[in-house]
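A.B. asks: Handing over query_28.cif, mmCIF, C-alpha atoms.
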data_input
#
loop_
_atom_site.label_atom_id
_atom_site.label_comp_id
_atom_site.auth_asym_id
_atom_site.auth_seq_id
_atom_site.Cartn_x
_atom_site.Cartn_y
_atom_site.Cartn_z
CA MET R 1 0.00 0.00 0.00
CA SER R 2 1.20 3.55 -0.60
CA ASP R 3 -0.08 7.11 -0.12
CA ARG R 4 -0.02 9.48 -3.10
CA THR R 5 0.19 13.20 -2.58
CA ARG R 6 -0.47 15.22 -5.75
CA LEU R 7 1.40 18.52 -5.87
CA GLY R 8 0.55 20.85 -8.78
CA ASP R 9 -0.70 19.50 -12.08
CA LYS R 10 2.31 17.50 -13.18
CA VAL R 11 4.11 15.51 -10.51
CA THR R 12 2.82 12.86 -8.13
CA ILE R 13 5.02 12.09 -5.13
CA VAL R 14 4.70 8.53 -3.83
CA MET R 15 5.69 7.98 -0.20
CA ALA R 16 5.91 4.46 1.21
CA ARG R 17 3.84 3.66 4.32
CA GLN R 18 5.93 2.27 7.19
CA PRO R 19 5.12 -1.33 8.01
CA ALA R 20 3.35 -1.68 11.34
CA SER R 21 6.17 -3.86 12.67
CA VAL R 22 8.76 -1.12 12.34
CA LYS R 23 9.19 0.95 15.48
CA PRO R 24 9.21 4.73 15.24
CA ARG R 25 12.64 6.20 15.48
CA SER R 26 13.82 8.66 18.07
CA ASN R 27 13.35 12.42 17.76
CA GLY R 28 16.99 12.70 16.86
CA ASP R 29 16.45 10.64 13.70
CA MET R 30 16.18 12.56 10.41
CA SER R 31 12.98 10.73 9.37
CA SER R 32 10.33 12.66 11.32
CA PRO R 33 7.02 13.38 9.47
CA LEU R 34 7.93 17.07 9.19
CA GLU R 35 11.33 16.30 7.76
CA SER R 36 9.84 13.76 5.38
CA LEU R 37 7.51 16.45 4.10
CA VAL R 38 10.45 18.81 3.62
CA LEU R 39 12.30 16.05 1.79
CA ALA R 40 9.27 15.48 -0.45
CA GLY R 41 9.24 19.19 -1.26
CA VAL R 42 12.91 19.06 -2.23
CA VAL R 43 12.25 16.07 -4.46
CA PHE R 44 9.30 17.90 -6.03
CA VAL R 45 11.40 20.99 -6.83
CA CYS R 46 14.17 18.83 -8.23
CA LEU R 47 11.74 16.97 -10.44
CA LEU R 48 10.36 20.24 -11.75
CA LEU R 49 13.67 21.98 -12.37
CA CYS R 50 15.96 19.09 -13.20
CA ALA R 51 14.34 15.83 -14.19
CA THR R 52 11.49 17.05 -16.38
CA PRO R 53 12.40 20.37 -18.02
CA SER R 54 10.40 19.53 -21.15
CA VAL R 55 7.23 19.25 -19.06
CA ALA R 56 7.92 22.06 -16.63
CA GLN R 57 9.21 24.60 -19.11
CA GLY R 58 7.67 23.46 -22.44
CA ILE R 59 4.00 24.02 -21.60
CA VAL R 60 2.76 27.42 -22.76
CA VAL R 61 -1.05 27.16 -22.46
CA VAL R 62 -3.48 24.54 -21.16
CA VAL R 63 -6.91 24.58 -22.81
CA ASN R 64 -9.49 22.53 -20.90
CA GLY R 65 -6.69 20.15 -19.93
CA GLN R 66 -5.10 19.99 -23.38
CA LEU R 67 -1.53 21.23 -23.69
CA ILE R 68 -0.03 23.74 -26.10
CA THR R 69 3.75 23.49 -25.99
CA GLN R 70 6.56 25.82 -26.97
CA ASN R 71 7.21 23.50 -29.91
CA ASP R 72 3.60 23.95 -31.08
CA VAL R 73 3.97 27.73 -30.95
CA THR R 74 7.30 27.71 -32.78
CA ASN R 75 5.95 25.54 -35.58
CA ARG R 76 2.79 27.63 -35.91
CA LEU R 77 4.80 30.87 -36.09
CA ARG R 78 6.89 29.40 -38.90
CA LEU R 79 3.75 28.26 -40.74
CA LEU R 80 2.16 31.69 -40.39
CA ALA R 81 5.31 33.33 -41.74
CA LEU R 82 5.31 30.92 -44.67
CA THR R 83 1.66 31.64 -45.52
CA ASN R 84 2.20 35.40 -45.10
CA GLY R 85 4.94 35.62 -47.67
CA GLY R 86 7.76 35.48 -45.14
CA LYS R 87 6.32 38.17 -42.88
CA ALA R 88 6.58 37.20 -39.21
CA ALA R 89 3.32 37.01 -37.29
CA PRO R 90 2.96 38.18 -33.66
CA ARG R 91 3.36 35.41 -31.10
CA GLU R 92 -0.11 36.23 -29.77
CA THR R 93 -1.57 35.42 -33.18
CA ALA R 94 -0.04 31.95 -33.13
CA LEU R 95 -1.25 31.35 -29.56
CA ASP R 96 -4.79 32.47 -30.38
CA GLU R 97 -4.89 30.21 -33.42
CA LEU R 98 -3.68 27.21 -31.43
CA ILE R 99 -6.16 27.88 -28.61
CA ASP R 100 -9.02 28.19 -31.11
CA GLU R 101 -7.86 24.99 -32.79
CA ARG R 102 -8.06 23.05 -29.52
CA LEU R 103 -11.51 24.50 -28.81
CA LYS R 104 -12.79 23.65 -32.28
CA LEU R 105 -11.80 20.01 -31.95
CA GLN R 106 -13.22 19.83 -28.43
CA GLU R 107 -16.57 21.22 -29.62
CA ALA R 108 -16.55 18.69 -32.47
CA ARG R 109 -16.06 15.85 -30.00
CA LYS R 110 -19.04 17.07 -27.98
CA LEU R 111 -21.14 16.60 -31.12
CA ARG R 112 -19.48 13.21 -31.80
CA ILE R 113 -17.95 14.55 -34.98
CA THR R 114 -14.87 12.59 -36.02
CA ILE R 115 -12.44 13.62 -38.74
CA ASP R 116 -10.91 10.82 -40.81
CA GLU R 117 -7.29 11.17 -41.82
CA SER R 118 -8.44 10.73 -45.41
CA GLN R 119 -10.30 14.05 -45.11
CA VAL R 120 -7.13 15.74 -43.92
CA ASP R 121 -5.19 14.01 -46.73
CA ARG R 122 -7.55 15.45 -49.34
CA ALA R 123 -7.30 18.95 -47.87
CA PHE R 124 -3.51 18.68 -47.77
CA ALA R 125 -3.43 17.47 -51.39
CA SER R 126 -5.70 20.35 -52.42
CA ILE R 127 -3.20 22.86 -51.02
CA ALA R 128 -0.40 21.09 -52.85
CA GLU R 129 -2.35 21.30 -56.11
CA ARG R 130 -3.08 25.02 -55.65
CA THR R 131 0.60 25.69 -55.05
CA LYS R 132 1.51 23.56 -58.09
CA LEU R 133 3.35 20.97 -56.01
CA SER R 134 2.96 17.27 -55.40
CA VAL R 135 2.07 16.15 -51.88
CA ASP R 136 5.66 15.01 -51.28
CA GLN R 137 7.02 18.28 -52.63
CA LEU R 138 4.75 20.22 -50.28
CA ARG R 139 5.98 18.17 -47.32
CA GLN R 140 9.59 18.81 -48.30
CA ALA R 141 8.90 22.52 -48.84
CA LEU R 142 7.47 22.79 -45.33
CA LYS R 143 10.38 20.90 -43.79
CA SER R 144 12.90 23.07 -45.63
CA ARG R 145 11.34 26.12 -43.93
CA GLY R 146 11.51 24.46 -40.52
CA VAL R 147 7.78 23.63 -40.41
CA ASN R 148 6.64 20.16 -39.37
CA PRO R 149 3.99 19.07 -41.94
CA SER R 150 1.82 17.88 -39.04
CA THR R 151 1.40 21.55 -38.08
CA LEU R 152 -0.46 22.25 -41.33
CA ARG R 153 -2.41 19.02 -40.99
CA ASP R 154 -3.48 20.03 -37.45
CA ARG R 155 -4.76 23.35 -38.74
CA LEU R 156 -6.66 21.62 -41.56
CA ARG R 157 -8.15 19.09 -39.13
CA GLY R 158 -9.43 21.92 -36.91
CA ASP R 159 -10.90 23.80 -39.87
CA ILE R 160 -12.71 20.72 -41.20
CA ALA R 161 -14.10 19.90 -37.77
CA TRP R 162 -15.25 23.46 -37.17
CA GLN R 163 -17.01 23.65 -40.52
CA LEU R 164 -19.09 20.63 -39.50
CA VAL R 165 -19.75 22.11 -36.04
CA VAL R 166 -21.00 25.38 -37.57
CA GLN R 167 -23.18 23.49 -40.03
CA GLN R 168 -24.79 21.51 -37.21
CA ARG R 169 -25.20 24.28 -34.67
CA GLY R 170 -25.29 27.44 -36.74
CA GLN R 171 -27.47 26.38 -39.62
CA ARG R 172 -30.40 25.71 -37.31
CA ALA R 173 -30.71 29.44 -36.58
CA ILE R 174 -30.52 30.54 -40.23
CA ASN R 175 -33.79 31.85 -41.61
CA ILE R 176 -33.46 33.77 -44.88
CA ARG R 177 -36.79 35.42 -45.70
CA ASP R 178 -37.93 36.49 -49.16
CA GLN R 179 -37.87 40.08 -47.92
CA ASP R 180 -34.21 39.68 -46.99
CA ILE R 181 -33.46 38.70 -50.60
CA VAL R 182 -35.46 41.64 -51.98
CA ASP R 183 -33.65 44.05 -49.65
CA ALA R 184 -30.26 42.68 -50.68
CA LEU R 185 -31.11 43.06 -54.37
CA LYS R 186 -32.25 46.65 -53.86
CA LYS R 187 -28.99 47.48 -52.10
CA ARG R 188 -27.22 46.37 -55.29
CA GLY R 189 -29.42 48.57 -57.40
CA GLN R 190 -31.28 45.63 -58.93
CA ASP R 191 -35.02 45.64 -59.46
CA PRO R 192 -36.37 42.44 -57.88
CA GLU R 193 -39.16 42.34 -60.46
CA ASN R 194 -36.92 42.74 -63.49
CA ILE R 195 -33.72 40.82 -62.86
CA ARG R 196 -31.59 39.62 -65.73
CA SER R 197 -28.41 37.55 -65.73
CA VAL R 198 -25.78 36.83 -68.37
CA GLU R 199 -25.18 33.50 -70.06
CA TYR R 200 -21.57 32.93 -71.13
CA THR R 201 -20.52 30.54 -73.89
CA MET R 202 -16.88 29.49 -73.55
CA ALA R 203 -14.49 27.13 -75.31
CA GLN R 204 -11.98 25.29 -73.14
CA ILE R 205 -8.55 24.94 -74.73
CA VAL R 206 -6.06 22.51 -73.20
CA VAL R 207 -2.33 22.29 -73.81
CA PHE R 208 -1.44 18.83 -72.54
CA SER R 209 1.56 18.33 -70.25
CA LYS R 210 2.76 15.58 -67.96
CA GLY R 211 3.43 17.52 -64.79
CA GLU R 212 4.91 20.98 -64.35
CA SER R 213 6.79 22.20 -67.44
CA PRO R 214 7.93 25.81 -67.93
CA ALA R 215 8.45 25.07 -71.63
CA ARG R 216 4.88 23.83 -72.07
CA ARG R 217 3.58 26.80 -70.08
CA LYS R 218 5.40 29.09 -72.50
CA GLU R 219 3.84 27.23 -75.46
CA ALA R 220 0.38 27.62 -73.89
CA ASP R 221 0.90 31.39 -73.56
CA ALA R 222 1.98 31.54 -77.21
CA ILE R 223 -1.08 29.55 -78.33
CA ARG R 224 -3.35 31.85 -76.35
CA ALA R 225 -1.80 34.88 -78.05
CA SER R 226 -2.23 33.33 -81.52
CA VAL R 227 -5.94 32.44 -81.16
CA LYS R 228 -7.98 35.44 -82.29
CA SER R 229 -11.56 34.14 -82.33
CA CYS R 230 -13.78 31.18 -81.53
CA ASP R 231 -14.32 30.46 -85.24
CA ASN R 232 -12.59 27.32 -86.49
CA LEU R 233 -10.71 26.80 -83.26
CA ALA R 234 -9.74 23.25 -84.19
CA GLU R 235 -8.15 24.52 -87.40
CA GLN R 236 -6.30 27.29 -85.54
CA LEU R 237 -4.86 24.70 -83.16
CA ARG R 238 -3.97 22.20 -85.88
CA ARG R 239 -0.30 23.14 -85.88
CA ALA R 240 -0.03 23.39 -82.12
CA ARG R 241 1.71 20.44 -80.45
CA GLU R 242 -0.63 18.40 -78.19
CA ALA R 243 -3.30 21.10 -77.84
CA ALA R 244 -7.03 20.71 -78.38
CA VAL R 245 -10.45 22.26 -77.88
CA ARG R 246 -11.77 20.09 -75.10
CA SER R 247 -15.34 21.33 -74.69
CA THR R 248 -17.80 24.17 -75.11
CA ILE R 249 -19.38 25.38 -71.88
CA ARG R 250 -22.45 27.51 -71.16
CA ARG R 251 -22.82 29.07 -67.74
CA SER R 252 -25.16 31.62 -66.21
CA SER R 253 -23.51 34.44 -64.28
CA ALA R 254 -25.65 33.44 -61.31
CA ASP R 255 -23.96 30.01 -61.26
CA LEU R 256 -20.39 31.32 -61.30
CA PRO R 257 -18.25 32.21 -58.26
CA PRO R 258 -17.71 35.98 -57.97
CA PRO R 259 -14.00 35.92 -58.95
CA ILE R 260 -14.73 34.06 -62.21
CA ARG R 261 -17.77 36.21 -62.91
CA LEU R 262 -15.67 39.37 -62.57
CA VAL R 263 -13.06 38.00 -65.00
CA LEU R 264 -15.69 37.15 -67.61
CA GLU R 265 -17.39 40.53 -67.24
CA LYS R 266 -14.11 42.17 -68.28
CA THR R 267 -13.34 39.70 -71.09
CA PRO R 268 -14.53 40.74 -74.58
CA ILE R 269 -16.13 38.30 -76.97
CA ASN R 270 -13.35 36.35 -78.76
CA GLY R 271 -11.06 37.28 -75.88
CA SER R 272 -9.44 34.73 -73.60
CA THR R 273 -8.74 34.20 -69.91
CA GLU R 274 -5.25 33.77 -68.45
CA VAL R 275 -3.52 30.41 -68.77
CA GLN R 276 -4.02 28.26 -65.66
CA THR R 277 -2.55 24.97 -64.48
CA SER R 278 -4.95 22.01 -64.71
CA PRO R 279 -4.75 18.25 -64.10
CA LEU R 280 -4.26 17.80 -67.86
CA GLY R 281 -1.54 20.41 -68.20
CA TYR R 282 -2.40 24.05 -68.99
CA GLU R 283 -5.70 25.55 -70.06
CA PHE R 284 -7.48 28.76 -70.90
CA TYR R 285 -10.97 29.72 -72.01
CA MET R 286 -12.10 31.62 -75.08
CA LEU R 287 -15.24 33.71 -74.52
CA CYS R 288 -17.33 33.02 -77.60
CA ASP R 289 -20.60 34.71 -76.66
CA LYS R 290 -22.50 36.35 -73.83
CA GLN R 291 -26.20 37.15 -73.74
CA GLU R 292 -28.51 38.68 -71.20
CA ILE R 293 -31.30 36.33 -70.19
CA PRO R 294 -34.17 36.55 -67.71
CA GLY R 295 -32.67 35.37 -64.46
CA ARG R 296 -34.85 36.24 -61.51
CA ASP R 297 -34.82 32.76 -60.00
CA ALA R 298 -31.09 32.34 -60.58
CA ALA R 299 -30.29 35.77 -59.11
CA GLN R 300 -32.45 35.10 -56.07
CA ALA R 301 -30.75 31.73 -55.55
CA GLN R 302 -27.38 33.44 -55.74
CA ILE R 303 -28.39 36.09 -53.21
CA ARG R 304 -29.82 33.45 -50.89
CA SER R 305 -26.56 31.49 -51.06
CA GLU R 306 -24.53 34.60 -50.23
CA LEU R 307 -26.80 35.49 -47.30
CA VAL R 308 -26.55 31.94 -45.91
CA GLU R 309 -22.75 32.14 -46.18
CA LEU R 310 -22.78 35.44 -44.30
CA GLU R 311 -25.01 33.98 -41.57
CA LEU R 312 -22.69 30.97 -41.18
CA GLU R 313 -19.68 33.26 -40.80
CA GLN R 314 -21.46 35.17 -38.06
CA ALA R 315 -22.50 31.90 -36.40
CA SER R 316 -18.89 30.70 -36.52
CA ARG R 317 -17.63 33.79 -34.70
CA ARG R 318 -20.43 33.55 -32.12
CA LEU R 319 -19.87 29.85 -31.41
CA LEU R 320 -16.12 30.28 -31.04
CA ARG R 321 -16.61 33.27 -28.73
CA ASP R 322 -18.96 31.21 -26.55
CA ALA R 323 -16.50 28.28 -26.49
CA ARG R 324 -13.72 30.61 -25.31
CA GLN R 325 -15.88 32.10 -22.57
CA ALA R 326 -16.82 28.65 -21.27
CA ALA R 327 -13.28 27.25 -21.46
CA VAL R 328 -10.64 26.98 -18.76
CA ILE R 329 -7.58 28.50 -20.41
CA ASP R 330 -4.41 28.55 -18.30
CA ASN R 331 -1.74 30.72 -19.93
CA ARG R 332 1.53 29.78 -18.24
CA GLU R 333 3.34 32.75 -19.78
CA LYS R 334 1.34 35.31 -17.84
#
Step by step, read the file and then write its structure as C-alpha cells.
C.D. replies:
Amino acid sequence: MSDRTRLGDKVTIVMARQPASVKPRSNGDMSSPLESLVLAGVVFVCLLLCATPSVAQGIVVVVNGQLITQNDVTNRLRLLALTNGGKAAPRETALDELIDERLKLQEARKLRITIDESQVDRAFASIAERTKLSVDQLRQALKSRGVNPSTLRDRLRGDIAWQLVVQQRGQRAINIRDQDIVDALKKRGQDPENIRSVEYTMAQIVVFSKGESPARRKEADAIRASVKSCDNLAEQLRRAREAAVRSTIRRSSADLPPPIRLVLEKTPINGSTEVQTSPLGYEFYMLCDKQEIPGRDAAQAQIRSELVELELEQASRRLLRDARQAAVIDNREK
C-alpha cells in the first residue's frame, strides 16, 4: 500500500507507508514526518527543475486540460510566416490560433464529430495542387522552412471539424426570408421584379503536359496569343503540339463564383482568360458569346446562397466566442 500526494498539475510524489512492525525512530532521527515532508518538497522541486524540463518549461497554455507546448507555438509561427509571404506574425496570433484549434476540436467531440485522416489528406493534397506541387514536394517545402507538416495538418483538421460544427449548430438558426433577398437586391441597385443575368458561352482549350513544365507553359501562352476568335478553333490549333479544344461550356452568371464572374465581365467576346494549371496540363478559355437572359430565380438563388454564407460566418464567430468564454484557459506565460 502507498499514499499518493499530488502537488501541482504534473508531478505525483509517492511515499511508502511504514510497516506496522517497524518501530518509530527517536526524535533525533532525520525521518520525522515534518522532515519527510520537507524532503518530499525538495524532491518535487528537483523533479520540476531538473528531471522534467520539457514538461515544466515546455508548456505554454493549457486549454481545458489539453496542452499547447513551446514547440507547437514555434511551428505555428513558422507556418504563419510561410503563408504570409515570409512576414513574421505576432506570437499572440499563433497562440490564439492554437487555442481556437483546440476548442474547435473539443466542440466537435461534444457533437461526436470525427475527422478521418483521409479528409485531412484530401485537404492537404488540395493545397499542394493550388501551389503547383505534389504532396511530397509540399511536405519537403514545409520541412525546408523548418515547419513540421503535421502543423499544417493540425490546422486543416481543426478547420474541417469546425465547418461541420458550424453546419450543425449554426445552420439551425438561419432563416433567410424572401424580404431579406429583396432588400439585398435593392442594395445592389437591382429591381427584384426585373432581374436579368448573363449566359456565357466558352471554349476550353487545353495544352497537354505531364506535370509541371515551364516550356509547355510558354507554349500555352503563345497559343493563347495566336488564337484570335472562336471560329474554327480546331483549325487554328492544328499546328499546335498536343493542344485541343476540349469542350464548349455555357454558364449563367448566377452560377459562377464571384472571382470568375468578374473576369468574364471584363473579357470581350473572342477574348481569352489567363492560362491556368490544370490536371491535364495548362488551359485557358475563349469567350465566344455572352447574352442577357431573364434570371430572376437564378439571381435570387445566388443572393440566398450569399446570405446563408454570411449567416454561417457570423454563427462561426459567435460559437467560437462562446466556447472561449466557457473554457478553462491557463496561460503559463502570464
A.B. asks: Can you give me, as a list of chain:residue names, the residues this file yields under the PyMOL selection byres ((chain R and resi 128) around 12)?
C.D. replies: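 Applying the expression gives R:Asp121, R:Arg122, R:Ala123, R:Phe124, R:Ala125, R:Ser126, R:Ile127, R:Glu129, R:Arg130, R:Thr131, R:Lys132, R:Leu133, R:Ser134, R:Val135, R:Asp136, R:Gln137, R:Leu138, R:Arg139, R:Gln140, R:Ala141, R:Leu142, R:Pro149, R:Leu152.
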A.B. asks: So what do you get for atom CA of R:Ile181 versus atom CA of R:Ser253, distance-wise?
C.D. replies: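 Rounded to one decimal, the two atoms are 17.4 Å apart.
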A.B. asks: Care to translate the PyMOL selection byres ((chain R and resi 211) around 12) into actual residues of this file, as a PDB file with C-alpha atoms, in the frame of the given file?
C.D. replies:
ATOM      1  CA  GLU R 129      -2.350  21.300 -56.110  1.00  0.00           C
ATOM      2  CA  LYS R 132       1.510  23.560 -58.090  1.00  0.00           C
ATOM      3  CA  LEU R 133       3.350  20.970 -56.010  1.00  0.00           C
ATOM      4  CA  SER R 134       2.960  17.270 -55.400  1.00  0.00           C
ATOM      5  CA  VAL R 207      -2.330  22.290 -73.810  1.00  0.00           C
ATOM      6  CA  PHE R 208      -1.440  18.830 -72.540  1.00  0.00           C
ATOM      7  CA  SER R 209       1.560  18.330 -70.250  1.00  0.00           C
ATOM      8  CA  LYS R 210       2.760  15.580 -67.960  1.00  0.00           C
ATOM      9  CA  GLU R 212       4.910  20.980 -64.350  1.00  0.00           C
ATOM     10  CA  SER R 213       6.790  22.200 -67.440  1.00  0.00           C
ATOM     11  CA  PRO R 214       7.930  25.810 -67.930  1.00  0.00           C
ATOM     12  CA  ALA R 215       8.450  25.070 -71.630  1.00  0.00           C
ATOM     13  CA  ARG R 216       4.880  23.830 -72.070  1.00  0.00           C
ATOM     14  CA  ARG R 217       3.580  26.800 -70.080  1.00  0.00           C
ATOM     15  CA  THR R 277      -2.550  24.970 -64.480  1.00  0.00           C
ATOM     16  CA  SER R 278      -4.950  22.010 -64.710  1.00  0.00           C
ATOM     17  CA  PRO R 279      -4.750  18.250 -64.100  1.00  0.00           C
ATOM     18  CA  LEU R 280      -4.260  17.800 -67.860  1.00  0.00           C
ATOM     19  CA  GLY R 281      -1.540  20.410 -68.200  1.00  0.00           C
ATOM     20  CA  TYR R 282      -2.400  24.050 -68.990  1.00  0.00           C
TER      21      TYR R 282
END
A.B. asks: Given the file above and the PyMOL selection byres ((chain R and resi 101-117) around 6), which residues are selected, and can you give them as number ranges by chain?
C.D. replies: R: 98-100, 118-120, 158, 161-162, 165
A.B. asks: Could you take the residues named above and write them with C-alpha atoms, as a PDB file, in the frame of the given file?
C.D. replies:
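Everything below was put into part.pdb:
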ATOM      1  CA  LEU R  98      -3.680  27.210 -31.430  1.00  0.00           C
ATOM      2  CA  ILE R  99      -6.160  27.880 -28.610  1.00  0.00           C
ATOM      3  CA  ASP R 100      -9.020  28.190 -31.110  1.00  0.00           C
ATOM      4  CA  SER R 118      -8.440  10.730 -45.410  1.00  0.00           C
ATOM      5  CA  GLN R 119     -10.300  14.050 -45.110  1.00  0.00           C
ATOM      6  CA  VAL R 120      -7.130  15.740 -43.920  1.00  0.00           C
ATOM      7  CA  GLY R 158      -9.430  21.920 -36.910  1.00  0.00           C
ATOM      8  CA  ALA R 161     -14.100  19.900 -37.770  1.00  0.00           C
ATOM      9  CA  TRP R 162     -15.250  23.460 -37.170  1.00  0.00           C
ATOM     10  CA  VAL R 165     -19.750  22.110 -36.040  1.00  0.00           C
TER      11      VAL R 165
END
A.B. asks: Just how far from atom CA of R:Ile160 is atom CA of R:Ala315, in Å to one decimal?
C.D. replies: 15.6 Å
A.B. asks: Atom CA of R:Arg304 and atom CA of R:Ala203, how far apart in Å?
C.D. replies: 29.5 Å
A.B. asks: For each of R:Ser316, R:Thr201, R:Gln70, R:Ser252, take the minimum atom-to-atom distance to R:Arg91, counting all atoms listed in the file, then give the residue where this is smallest.
C.D. replies: R:Gln70
A.B. asks: Please determine, counting all atoms listed in the file, which residue among R:Lys143, R:Lys228, R:Arg321, R:Lys186 has the shortest atom-to-atom distance to R:Ile303.
C.D. replies: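 Closest to R:Ile303, using all atoms listed in the file: R:Lys186.
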